$ cat final-v8.txt   # compact mmCIF, C-alpha atoms
# COMPACT_ATOMS: atom_id res chain seq x y z
CA MET G 127 6.88 -6.51 0.02
CA LEU G 128 7.86 -5.33 3.48
CA LEU G 129 6.76 -7.49 6.40
CA GLY G 130 6.61 -6.62 10.07
CA LEU G 131 5.01 -4.52 12.76
CA ASN G 132 6.48 -2.89 15.82
CA PRO G 133 4.98 -3.76 19.21
CA ASP G 134 1.38 -2.56 19.47
CA GLU G 135 1.50 -1.00 15.98
CA VAL G 136 -1.58 -1.26 13.77
CA ARG G 137 -0.90 -0.60 10.10
CA LEU G 138 -2.49 -1.96 6.95
CA ALA G 139 -0.68 -2.68 3.70
CA ASP G 140 -2.25 -3.14 0.30
CA HIS G 141 -2.74 -6.77 -0.68
CA SER G 142 0.42 -8.36 -2.07
CA PRO G 143 0.73 -11.58 -4.09
CA GLY G 144 4.05 -11.93 -2.26
CA TRP G 145 2.16 -12.90 0.90
CA LYS G 146 1.15 -16.23 -0.64
CA THR G 147 4.72 -16.80 -1.82
CA GLU G 148 6.02 -16.03 1.66
CA PHE G 149 3.54 -18.47 3.17
CA GLN G 150 4.77 -21.19 0.77
CA LYS G 151 8.35 -20.56 1.95
CA VAL G 152 7.25 -20.86 5.58
CA ARG G 153 5.31 -24.06 4.83
CA LYS G 154 8.39 -25.58 3.20
CA ASN G 155 10.51 -24.55 6.18
CA LEU G 156 8.04 -26.11 8.64
CA LEU G 157 7.93 -29.35 6.63
CA GLU G 158 11.73 -29.52 6.65
CA ASN G 159 12.09 -28.81 10.38
CA THR G 160 9.08 -30.46 12.03
CA ASN G 161 6.97 -33.59 11.72
CA ILE G 162 3.81 -31.54 11.05
CA PRO G 163 2.15 -32.96 7.91
CA ASP G 164 1.54 -30.68 4.93
CA SER G 165 -2.23 -31.13 5.35
CA HIS G 166 -1.91 -29.63 8.85
CA ILE G 167 -0.40 -26.30 7.70
CA ALA G 168 -2.57 -23.45 6.42
CA HIS G 169 -2.30 -19.79 5.50
CA ILE G 170 -4.85 -17.82 7.53
CA GLY G 171 -5.60 -14.25 8.49
CA SER G 172 -6.09 -11.29 6.20
CA THR G 173 -2.93 -11.96 4.17
CA ALA G 174 -4.70 -15.15 3.01
CA ILE G 175 -7.79 -13.27 1.83
CA THR G 176 -7.56 -12.15 -1.78
CA GLY G 177 -7.49 -8.47 -2.52
CA ILE G 178 -7.88 -6.96 0.94
CA PRO G 179 -5.45 -4.80 2.88
CA ALA G 180 -3.89 -6.49 5.89
CA LYS G 181 -1.39 -6.01 8.64
CA PRO G 182 1.93 -6.95 6.96
CA VAL G 183 2.36 -10.05 9.11
CA ILE G 184 1.91 -13.57 7.72
CA ASP G 185 -0.42 -15.74 9.82
CA VAL G 186 0.21 -19.46 9.61
CA MET G 187 -1.82 -22.15 11.33
CA ALA G 188 -0.22 -25.49 12.06
CA ALA G 189 -2.03 -28.34 13.73
CA VAL G 190 -1.14 -31.30 15.89
CA GLU G 191 -3.36 -34.10 17.11
CA ASP G 192 -3.10 -33.10 20.78
CA LEU G 193 -1.73 -29.81 22.13
CA ALA G 194 -1.20 -31.39 25.54
CA ALA G 195 1.25 -33.84 23.96
CA ILE G 196 3.58 -31.24 22.44
CA ASP G 197 7.17 -32.36 22.90
CA LYS G 198 10.53 -30.61 23.01
CA GLN G 199 11.37 -31.97 19.56
CA LEU G 200 8.48 -30.04 17.97
CA ILE G 201 9.38 -26.84 19.84
CA ALA G 202 13.01 -27.26 18.68
CA GLY G 203 11.82 -27.78 15.10
CA LEU G 204 9.70 -24.65 15.25
CA ARG G 205 12.69 -22.75 16.61
CA ALA G 206 14.84 -24.12 13.75
CA ALA G 207 12.15 -22.79 11.38
CA GLY G 208 12.60 -19.38 13.01
CA PHE G 209 9.59 -19.38 15.34
CA LEU G 210 9.80 -18.49 19.02
CA GLN G 211 7.00 -19.22 21.47
CA LEU G 212 5.25 -16.13 22.80
CA LYS G 213 3.86 -15.70 26.31
CA VAL G 214 0.38 -15.24 24.82
CA LYS G 215 -2.14 -17.49 26.57
CA ARG G 216 -5.18 -18.51 24.54
CA PRO G 217 -7.42 -21.52 25.03
CA GLY G 218 -6.69 -24.30 22.55
CA GLU G 219 -3.74 -22.52 20.98
CA MET G 220 -0.01 -21.91 21.35
CA VAL G 221 1.32 -18.80 19.60
CA PHE G 222 4.77 -18.42 18.07
CA ALA G 223 6.35 -15.57 16.08
CA ARG G 224 9.20 -14.80 13.73
CA PHE G 225 10.99 -11.50 14.11
CA ALA G 226 12.84 -9.21 11.70
CA ASP G 227 15.24 -7.83 14.29
CA GLU G 228 17.68 -9.09 16.88
CA ASP G 229 15.76 -7.29 19.64
CA TYR G 230 12.67 -9.43 18.95
CA LYS G 231 10.40 -6.43 18.53
CA ILE G 232 9.33 -6.44 14.85
CA LYS G 233 7.07 -9.44 14.27
CA THR G 234 6.85 -10.64 10.66
CA HIS G 235 5.00 -13.94 11.08
CA PHE G 236 2.67 -15.57 13.58
CA LEU G 237 2.27 -19.30 13.89
CA HIS G 238 -0.90 -20.49 15.60
CA LEU G 239 -0.44 -24.06 16.82
CA VAL G 240 -3.85 -25.68 17.30
CA GLU G 241 -5.46 -29.12 17.37
CA TYR G 242 -6.18 -30.62 13.97
CA GLU G 243 -9.89 -30.61 13.12
CA GLY G 244 -10.61 -28.85 16.43
CA VAL G 245 -12.99 -25.91 16.71
CA LEU G 246 -10.25 -23.29 16.26
CA TRP G 247 -8.83 -25.08 13.20
CA LYS G 248 -12.27 -25.25 11.61
CA ASN G 249 -13.25 -21.68 12.53
CA LEU G 250 -10.08 -20.07 11.22
CA LEU G 251 -10.28 -21.95 7.91
CA PHE G 252 -13.99 -21.21 7.59
CA PHE G 253 -13.44 -17.48 8.17
CA ARG G 254 -10.70 -17.33 5.52
CA ASP G 255 -12.69 -19.34 2.98
CA TYR G 256 -15.94 -17.47 3.64
CA LEU G 257 -14.32 -14.08 3.05
CA ASN G 258 -12.54 -15.34 -0.06
CA ASP G 259 -15.89 -16.53 -1.43
CA ASN G 260 -18.08 -13.57 -0.38
CA GLU G 261 -17.37 -10.12 -1.78
CA ASP G 262 -19.89 -8.33 0.46
CA ALA G 263 -18.34 -9.85 3.60
CA ARG G 264 -14.87 -8.90 2.36
CA LYS G 265 -15.95 -5.29 1.76
CA GLU G 266 -17.56 -5.09 5.21
CA TYR G 267 -14.41 -6.47 6.85
CA VAL G 268 -12.16 -4.03 5.00
CA GLN G 269 -14.37 -1.09 6.02
CA LEU G 270 -14.22 -2.24 9.64
CA LYS G 271 -10.42 -2.30 9.52
CA LEU G 272 -10.24 1.10 7.83
CA ASP G 273 -12.64 2.63 10.35
CA TYR G 274 -10.34 1.53 13.18
CA ILE G 275 -7.07 2.77 11.72
CA LYS G 276 -8.63 6.07 10.63
CA ASN G 277 -8.44 7.09 14.30
CA THR G 278 -5.29 5.40 15.57
CA SER G 279 -2.18 3.46 14.56
CA THR G 280 -1.66 1.70 17.88
CA GLY G 281 -3.53 -0.71 20.08
CA ILE G 282 -3.31 -4.18 18.57
CA LYS G 283 -5.46 -5.63 21.37
CA ALA G 284 -8.15 -2.98 20.83
CA TYR G 285 -7.94 -3.56 17.06
CA THR G 286 -8.57 -7.27 17.54
CA GLU G 287 -11.46 -6.58 19.91
CA TYR G 288 -12.89 -4.04 17.44
CA LYS G 289 -13.15 -6.79 14.79
CA GLU G 290 -14.30 -9.53 17.19
CA SER G 291 -18.08 -9.27 16.72
CA PHE G 292 -17.67 -9.43 12.92
CA VAL G 293 -15.37 -12.45 13.16
CA ASN G 294 -17.76 -14.18 15.58
CA ARG G 295 -20.74 -13.47 13.33
CA ILE G 296 -18.96 -15.07 10.37
CA THR G 297 -17.69 -18.12 12.28
CA GLU G 298 -21.18 -18.72 13.69
CA LEU G 299 -22.27 -19.28 10.09
CA ARG G 300 -20.06 -22.40 10.06
CA GLY G 301 -22.58 -24.18 12.25
CA THR G 302 -25.43 -23.37 9.89
CA GLU G 303 -23.47 -24.47 6.81
CA GLU G 304 -22.43 -27.82 8.32
CA LYS G 305 -26.03 -28.91 8.87
$ encode --input "final-v8.txt" --output "structure tokens"
Amino acid sequence: MLLGLNPDEVRLADHSPGWKTEFQKVRKNLLENTNIPDSHIAHIGSTAITGIPAKPVIDVMAAVEDLAAIDKQLIAGLRAAGFLQLKVKRPGEMVFARFADEDYKIKTHFLHLVEYEGVLWKNLLFFRDYLNDNEDARKEYVQLKLDYIKNTSTGIKAYTEYKESFVNRITELRGTEEK
């Protein structure tokens, strides 16, 4: 199982059971180096969805009670676990990455730090669980990914935007299922 993507590269790898194993290693590392509880760490993204191809990058979500109260100790713990904070600015989220190279170009893991039980936490878990439970949705998502990479192997921002309406449509279902 080879992990990692170059900057702006879009490539899909066949599903690997090693992705779950790699997530478990990362979880253990986070538990050893931070005060984030086990219940606040989750495997998300396509590598957490059974049987579908994915970018060979492990997405991990970790949650804290309040993002505004993040301290230097947590950042140091994340660094000790191999994660460096990225300059990415997203509402309600801090993004970190692990790299395979000393030049910090080949990203192998993303860590999405969010607020526990917040909207982003709930949406990301719902999306993962919904696709794991719904074969038709999984097939549609895979086809969407394949349609994009059929034409290009670059443009990670465009790739994310290409999938956005599908992701939004699925996460909007969360509101209907909670009622």
$ residues_around --input "final-v8.txt" --residues "region 289-297 of chain G" --least-positions-apart "2" --cutoff "6 Å" --atoms "only C-alpha atoms" --output "ChimeraX atom specification"
/G:249,253,286-287,299-300
$ residues_around --input "final-v8.txt" --residues "region 234-237 of chain G" --least-positions-apart "6" --cutoff "7 Å" --atoms "all atoms listed in the file" --output "list in words"
Leu129, Gly130, Leu131, Val183, Ile184, Asp185, Val186, Met187, Ala188, Val221, Phe222, Ala223, Arg224, Phe225 and Ala226 of chain G
$ residues_around --input "final-v8.txt" --residues "Tyr267 (chain G)" --least-positions-apart "2" --cutoff "10 Å" --atoms "all atoms listed in the file" --output "mmCIF file with C-alpha atoms, in the coordinates of the input"
data_model
loop_
_atom_site.group_PDB
_atom_site.id
_atom_site.type_symbol
_atom_site.label_atom_id
_atom_site.label_comp_id
_atom_site.auth_asym_id
_atom_site.auth_seq_id
_atom_site.Cartn_x
_atom_site.Cartn_y
_atom_site.Cartn_z
ATOM 1 C CA SER G 172 -6.090 -11.290 6.200
ATOM 2 C CA ILE G 178 -7.880 -6.960 0.940
ATOM 3 C CA PRO G 179 -5.450 -4.800 2.880
ATOM 4 C CA LEU G 257 -14.320 -14.080 3.050
ATOM 5 C CA GLU G 261 -17.370 -10.120 -1.780
ATOM 6 C CA ASP G 262 -19.890 -8.330 0.460
ATOM 7 C CA ALA G 263 -18.340 -9.850 3.600
ATOM 8 C CA ARG G 264 -14.870 -8.900 2.360
ATOM 9 C CA LYS G 265 -15.950 -5.290 1.760
ATOM 10 C CA GLN G 269 -14.370 -1.090 6.020
ATOM 11 C CA LEU G 270 -14.220 -2.240 9.640
ATOM 12 C CA LYS G 271 -10.420 -2.300 9.520
ATOM 13 C CA LEU G 272 -10.240 1.100 7.830
ATOM 14 C CA ASP G 273 -12.640 2.630 10.350
ATOM 15 C CA LYS G 289 -13.150 -6.790 14.790
ATOM 16 C CA PHE G 292 -17.670 -9.430 12.920
ATOM 17 C CA VAL G 293 -15.370 -12.450 13.160
#
$ residues_around --input "final-v8.txt" --residues "Lys151 (chain G)" --least-positions-apart "2" --cutoff "12 Å" --atoms "all atoms listed in the file" --output "list in words"
Gly144, Trp145, Lys146, Thr147, Glu148, Phe149, Arg153, Lys154, Asn155, Leu156, Leu157, Glu158, Ile167, His169, Ile184, Val186, Ala207, Gly208 and His235 of chain G
$ atom_distance --input "final-v8.txt" --atom1 "CA of Ser279 (chain G)" --atom2 "CA of Thr176 (chain G)"
23.2 Å
$ atom_distance --input "final-v8.txt" --atom1 "CA of Val136 (chain G)" --atom2 "CA of Tyr230 (chain G)"
17.2 Å
$ axis_aligned_box --input "final-v8.txt" --around "region 170-183 of chain G" --padding-each-side "8 Å" --output "JSON"
{"center_x": -2.8, "center_y": -11.3, "center_z": 3.3, "size_x": 26.2, "size_y": 29.0, "size_z": 27.6}
$ residues_around --input "final-v8.txt" --residues "Gly244 (chain G)" --least-positions-apart "4" --cutoff "10 Å" --atoms "only C-alpha atoms" --output "list in words"
Ala189, Val190, Glu191, Asp192, Gly218, Val240, Lys248 and Asn249 of chain G
$ build_atoms --input "final-v8.txt" --residues "region 168-201 of chain G" --atoms "N, CA and C atoms" --output "compact mmCIF listing (two decimals), in the coordinates of the input"
# COMPACT_ATOMS: atom_id res chain seq x y z
N ALA G 168 -1.69 -24.29 7.23
CA ALA G 168 -2.57 -23.45 6.42
C ALA G 168 -2.22 -21.98 6.57
N HIS G 169 -2.45 -21.24 5.50
CA HIS G 169 -2.30 -19.79 5.50
C HIS G 169 -3.63 -19.20 5.94
N ILE G 170 -3.62 -18.40 6.99
CA ILE G 170 -4.85 -17.82 7.53
C ILE G 170 -4.67 -16.32 7.69
N GLY G 171 -5.68 -15.68 8.26
CA GLY G 171 -5.60 -14.25 8.49
C GLY G 171 -5.84 -13.46 7.21
N SER G 172 -5.77 -12.16 7.32
CA SER G 172 -6.09 -11.29 6.20
C SER G 172 -5.12 -11.40 5.04
N THR G 173 -3.86 -11.80 5.29
CA THR G 173 -2.93 -11.96 4.17
C THR G 173 -3.31 -13.16 3.30
N ALA G 174 -4.23 -14.00 3.78
CA ALA G 174 -4.70 -15.15 3.01
C ALA G 174 -6.03 -14.86 2.31
N ILE G 175 -6.52 -13.64 2.44
CA ILE G 175 -7.79 -13.27 1.83
C ILE G 175 -7.49 -12.36 0.63
N THR G 176 -7.90 -12.82 -0.53
CA THR G 176 -7.56 -12.15 -1.78
C THR G 176 -8.06 -10.71 -1.84
N GLY G 177 -7.13 -9.83 -2.18
CA GLY G 177 -7.49 -8.47 -2.52
C GLY G 177 -7.77 -7.50 -1.39
N ILE G 178 -7.58 -7.91 -0.14
CA ILE G 178 -7.88 -6.96 0.94
C ILE G 178 -6.59 -6.49 1.61
N PRO G 179 -6.61 -5.26 2.13
CA PRO G 179 -5.45 -4.80 2.88
C PRO G 179 -5.34 -5.59 4.18
N ALA G 180 -4.12 -5.70 4.67
CA ALA G 180 -3.89 -6.49 5.89
C ALA G 180 -2.69 -5.93 6.64
N LYS G 181 -2.61 -6.28 7.91
CA LYS G 181 -1.39 -6.01 8.64
C LYS G 181 -0.30 -6.81 7.92
N PRO G 182 0.88 -6.24 7.69
CA PRO G 182 1.93 -6.95 6.96
C PRO G 182 2.65 -7.99 7.83
N VAL G 183 1.87 -8.94 8.30
CA VAL G 183 2.36 -10.05 9.11
C VAL G 183 1.68 -11.31 8.58
N ILE G 184 2.46 -12.33 8.27
CA ILE G 184 1.91 -13.57 7.72
C ILE G 184 1.43 -14.45 8.87
N ASP G 185 0.14 -14.82 8.83
CA ASP G 185 -0.42 -15.74 9.82
C ASP G 185 -0.44 -17.15 9.25
N VAL G 186 0.16 -18.06 9.99
CA VAL G 186 0.21 -19.46 9.61
C VAL G 186 -0.44 -20.26 10.72
N MET G 187 -1.24 -21.24 10.34
CA MET G 187 -1.82 -22.15 11.33
C MET G 187 -1.22 -23.52 11.07
N ALA G 188 -0.73 -24.13 12.13
CA ALA G 188 -0.22 -25.49 12.06
C ALA G 188 -0.95 -26.29 13.13
N ALA G 189 -1.22 -27.55 12.81
CA ALA G 189 -2.03 -28.34 13.73
C ALA G 189 -1.35 -29.64 14.11
N VAL G 190 -1.60 -30.02 15.34
CA VAL G 190 -1.14 -31.30 15.89
C VAL G 190 -2.38 -32.04 16.37
N GLU G 191 -2.22 -33.31 16.65
CA GLU G 191 -3.36 -34.10 17.11
C GLU G 191 -3.78 -33.72 18.52
N ASP G 192 -2.79 -33.39 19.38
CA ASP G 192 -3.10 -33.10 20.78
C ASP G 192 -2.11 -32.06 21.31
N LEU G 193 -2.60 -30.88 21.61
CA LEU G 193 -1.73 -29.81 22.13
C LEU G 193 -1.06 -30.20 23.44
N ALA G 194 -1.75 -30.99 24.24
CA ALA G 194 -1.20 -31.39 25.54
C ALA G 194 0.00 -32.31 25.38
N ALA G 195 0.16 -32.89 24.19
CA ALA G 195 1.25 -33.84 23.96
C ALA G 195 2.41 -33.23 23.18
N ILE G 196 2.49 -31.91 23.15
CA ILE G 196 3.58 -31.24 22.44
C ILE G 196 4.90 -31.60 23.12
N ASP G 197 5.89 -31.98 22.31
CA ASP G 197 7.17 -32.36 22.90
C ASP G 197 8.26 -31.35 22.55
N LYS G 198 9.40 -31.52 23.21
CA LYS G 198 10.53 -30.61 23.01
C LYS G 198 11.04 -30.66 21.58
N GLN G 199 10.91 -31.82 20.94
CA GLN G 199 11.37 -31.97 19.56
C GLN G 199 10.59 -31.03 18.62
N LEU G 200 9.28 -30.93 18.81
CA LEU G 200 8.48 -30.04 17.97
C LEU G 200 8.86 -28.58 18.23
N ILE G 201 9.00 -28.22 19.49
CA ILE G 201 9.38 -26.84 19.84
C ILE G 201 10.75 -26.51 19.22
